[in-house]
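**Q** Before anything else, here's the structure in question.
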Amino acid sequence: MDRLDLELYAERLARHAERTADDLADARLREAWWELEQTARPQLTAADVARLEGLGLLIAPPVAAVLGRTVAERAHDLTAIHRLQAIVESQRAARRQVVTGEIATSSPPSWS
């Protein structure tokens, strides 16, 4: 893979990580809303609940059951993406060293 392809791949990963982080934040917010809705439901009529679920203002119980799994899945997705990003960034750094003529070493050069 040439340097340009690697740069494009890194950008693609960054966009994907951002979308996944947004999805995770949204799922966590929906989870918090579900807790609030659980408090409100007993104070509403069955017709109100049905209408509000139909409008998407209350989360239907089957959807709520998926929220916890969604949060966990997105968190695992984001962790995996970050691992891949670390590998890609390491390769990008190695390519930059080759281009600039630097040699990668495990320790800094001695000035003695």
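Chain labels A, B, ... are given in the sequence in which chains occur in the structure tokens; within each chain residues are numbered consecutively from 1, and ligands are likewise numbered from 1 in the order shown.
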Give me the residues within 12 Å of A:Ala72 as a PDB file with C-alpha atoms, in the first residue's frame, counting only C-alpha atoms and dropping any in the same chain fewer than 4 places off.
**A**
ATOM      1  CA  THR A  20     -19.423   5.078  15.883  1.00  0.00           C
ATOM      2  CA  ASP A  23     -23.875   6.211  17.668  1.00  0.00           C
ATOM      3  CA  LEU A  24     -22.586   5.278  21.121  1.00  0.00           C
ATOM      4  CA  ALA A  25     -23.463   8.699  22.542  1.00  0.00           C
ATOM      5  CA  ALA A  27     -27.527   4.994  22.425  1.00  0.00           C
ATOM      6  CA  ARG A  28     -26.435   6.164  25.881  1.00  0.00           C
ATOM      7  CA  GLU A  31     -30.911   4.698  27.577  1.00  0.00           C
ATOM      8  CA  VAL A  66     -32.061  -3.640  22.709  1.00  0.00           C
ATOM      9  CA  LEU A  67     -30.618  -0.377  24.063  1.00  0.00           C
ATOM     10  CA  GLY A  68     -28.243  -1.944  26.581  1.00  0.00           C
ATOM     11  CA  HIS A  76     -16.769  -2.702  21.614  1.00  0.00           C
ATOM     12  CA  ASP A  77     -16.900  -1.443  18.000  1.00  0.00           C
ATOM     13  CA  LEU A  78     -15.191   1.793  18.986  1.00  0.00           C
ATOM     14  CA  THR A  79     -12.495  -0.046  20.952  1.00  0.00           C
TER      15      THR A  79
END
**Q** Please return, as a list in words, all residues of stretch 42-77 of chain A that DSSP assigns to helix (DSSP H, G or I) on the basis of the backbone.
**A**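 Selecting the helix (DSSP H, G or I) positions of stretch 42-77 of chain A gives Pro42, Gln43, Ala46, Ala47, Asp48, Val49, Ala50, Arg51, Leu52, Glu53, Gly54, Leu55, Pro61, Pro62, Val63, Ala64, Ala65, Val66, Leu67, Gly68, Arg69, Thr70, Val71, Ala72, Glu73, Arg74, Ala75, His76 and Asp77 of chain A.
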**Q** Go ahead and dump the residues you just picked, N, CA and C atoms, as an mmCIF file, in the first residue's frame.
**A**
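Result went into part_24.cif, see below:
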data_model
loop_
_atom_site.group_PDB
_atom_site.id
_atom_site.type_symbol
_atom_site.label_atom_id
_atom_site.label_comp_id
_atom_site.auth_asym_id
_atom_site.auth_seq_id
_atom_site.Cartn_x
_atom_site.Cartn_y
_atom_site.Cartn_z
ATOM 1 N N PRO A 42 -46.327 5.241 34.176
ATOM 2 C CA PRO A 42 -47.452 4.964 35.075
ATOM 3 C C PRO A 42 -48.409 6.163 35.239
ATOM 4 N N GLN A 43 -47.934 7.339 34.916
ATOM 5 C CA GLN A 43 -48.759 8.536 35.060
ATOM 6 C C GLN A 43 -49.549 8.848 33.793
ATOM 7 N N ALA A 46 -53.091 4.386 28.870
ATOM 8 C CA ALA A 46 -52.633 3.424 27.863
ATOM 9 C C ALA A 46 -52.706 4.046 26.470
ATOM 10 N N ALA A 47 -53.750 4.829 26.222
ATOM 11 C CA ALA A 47 -53.892 5.498 24.927
ATOM 12 C C ALA A 47 -52.759 6.509 24.714
ATOM 13 N N ASP A 48 -52.426 7.256 25.771
ATOM 14 C CA ASP A 48 -51.317 8.210 25.672
ATOM 15 C C ASP A 48 -50.011 7.484 25.346
ATOM 16 N N VAL A 49 -49.756 6.389 26.055
ATOM 17 C CA VAL A 49 -48.525 5.623 25.833
ATOM 18 C C VAL A 49 -48.473 5.132 24.394
ATOM 19 N N ALA A 50 -49.573 4.557 23.913
ATOM 20 C CA ALA A 50 -49.611 4.054 22.531
ATOM 21 C C ALA A 50 -49.370 5.187 21.538
ATOM 22 N N ARG A 51 -50.011 6.320 21.755
ATOM 23 C CA ARG A 51 -49.852 7.462 20.852
ATOM 24 C C ARG A 51 -48.410 7.970 20.877
ATOM 25 N N LEU A 52 -47.847 8.120 22.074
ATOM 26 C CA LEU A 52 -46.480 8.629 22.200
ATOM 27 C C LEU A 52 -45.445 7.657 21.633
ATOM 28 N N GLU A 53 -45.697 6.359 21.794
ATOM 29 C CA GLU A 53 -44.806 5.375 21.160
ATOM 30 C C GLU A 53 -44.902 5.485 19.643
ATOM 31 N N GLY A 54 -46.130 5.661 19.142
ATOM 32 C CA GLY A 54 -46.325 5.810 17.700
ATOM 33 C C GLY A 54 -45.618 7.035 17.137
ATOM 34 N N LEU A 55 -45.555 8.088 17.921
ATOM 35 C CA LEU A 55 -44.861 9.309 17.506
ATOM 36 C C LEU A 55 -43.348 9.219 17.680
ATOM 37 N N PRO A 61 -41.168 -0.909 24.688
ATOM 38 C CA PRO A 61 -40.385 -1.869 25.474
ATOM 39 C C PRO A 61 -39.486 -2.802 24.660
ATOM 40 N N PRO A 62 -39.936 -3.327 23.489
ATOM 41 C CA PRO A 62 -38.999 -4.186 22.744
ATOM 42 C C PRO A 62 -37.740 -3.435 22.306
ATOM 43 N N VAL A 63 -37.894 -2.166 21.961
ATOM 44 C CA VAL A 63 -36.734 -1.360 21.560
ATOM 45 C C VAL A 63 -35.842 -1.104 22.767
ATOM 46 N N ALA A 64 -36.447 -0.847 23.900
ATOM 47 C CA ALA A 64 -35.690 -0.576 25.125
ATOM 48 C C ALA A 64 -34.815 -1.771 25.491
ATOM 49 N N ALA A 65 -35.293 -2.974 25.227
ATOM 50 C CA ALA A 65 -34.526 -4.171 25.554
ATOM 51 C C ALA A 65 -33.228 -4.234 24.741
ATOM 52 N N VAL A 66 -33.227 -3.618 23.594
ATOM 53 C CA VAL A 66 -32.061 -3.640 22.709
ATOM 54 C C VAL A 66 -31.050 -2.553 23.081
ATOM 55 N N LEU A 67 -31.491 -1.518 23.781
ATOM 56 C CA LEU A 67 -30.618 -0.377 24.063
ATOM 57 C C LEU A 67 -29.334 -0.759 24.792
ATOM 58 N N GLY A 68 -29.436 -1.545 25.836
ATOM 59 C CA GLY A 68 -28.243 -1.944 26.581
ATOM 60 C C GLY A 68 -27.258 -2.700 25.717
ATOM 61 N N ARG A 69 -27.782 -3.588 24.875
ATOM 62 C CA ARG A 69 -26.904 -4.334 23.961
ATOM 63 C C ARG A 69 -26.275 -3.394 22.941
ATOM 64 N N THR A 70 -27.031 -2.409 22.485
ATOM 65 C CA THR A 70 -26.511 -1.462 21.506
ATOM 66 C C THR A 70 -25.362 -0.657 22.098
ATOM 67 N N VAL A 71 -25.520 -0.201 23.326
ATOM 68 C CA VAL A 71 -24.448 0.550 23.984
ATOM 69 C C VAL A 71 -23.197 -0.321 24.084
ATOM 70 N N ALA A 72 -23.346 -1.540 24.530
ATOM 71 C CA ALA A 72 -22.194 -2.433 24.668
ATOM 72 C C ALA A 72 -21.548 -2.724 23.313
ATOM 73 N N GLU A 73 -22.374 -2.981 22.305
ATOM 74 C CA GLU A 73 -21.849 -3.269 20.954
ATOM 75 C C GLU A 73 -21.060 -2.085 20.413
ATOM 76 N N ARG A 74 -21.627 -0.883 20.509
ATOM 77 C CA ARG A 74 -20.951 0.307 19.985
ATOM 78 C C ARG A 74 -19.650 0.574 20.748
ATOM 79 N N ALA A 75 -19.655 0.335 22.041
ATOM 80 C CA ALA A 75 -18.431 0.521 22.824
ATOM 81 C C ALA A 75 -17.348 -0.458 22.358
ATOM 82 N N HIS A 76 -17.731 -1.707 22.113
ATOM 83 C CA HIS A 76 -16.769 -2.702 21.614
ATOM 84 C C HIS A 76 -16.313 -2.341 20.197
ATOM 85 N N ASP A 77 -17.247 -1.870 19.360
ATOM 86 C CA ASP A 77 -16.900 -1.443 18.000
ATOM 87 C C ASP A 77 -15.846 -0.337 18.048
#
**Q** Using only C-alpha atoms, which of the listed residues (A:Val88, A:Leu4, A:Leu57, A:Leu44) sits closest to A:Arg30?
**A**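 For A:Arg30, the nearest of the candidates is A:Leu57.
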**Q** Residues near A:Ala86, anyone? I mean within 10 Å using only C-alpha atoms, not counting same-chain ones fewer than 6 positions away, as a ChimeraX atom specification.
**A** /A:10,80,92
**Q** Can you write out the residues you just picked, keeping C-alpha atoms, as an mmCIF file, in the first residue's frame?
**A**
data_model
loop_
_atom_site.group_PDB
_atom_site.id
_atom_site.type_symbol
_atom_site.label_atom_id
_atom_site.label_comp_id
_atom_site.auth_asym_id
_atom_site.auth_seq_id
_atom_site.Cartn_x
_atom_site.Cartn_y
_atom_site.Cartn_z
ATOM 1 C CA ALA A 10 -6.520 6.577 8.028
ATOM 2 C CA ALA A 80 -11.733 -2.257 17.953
ATOM 3 C CA ARG A 92 2.044 5.992 8.892
#
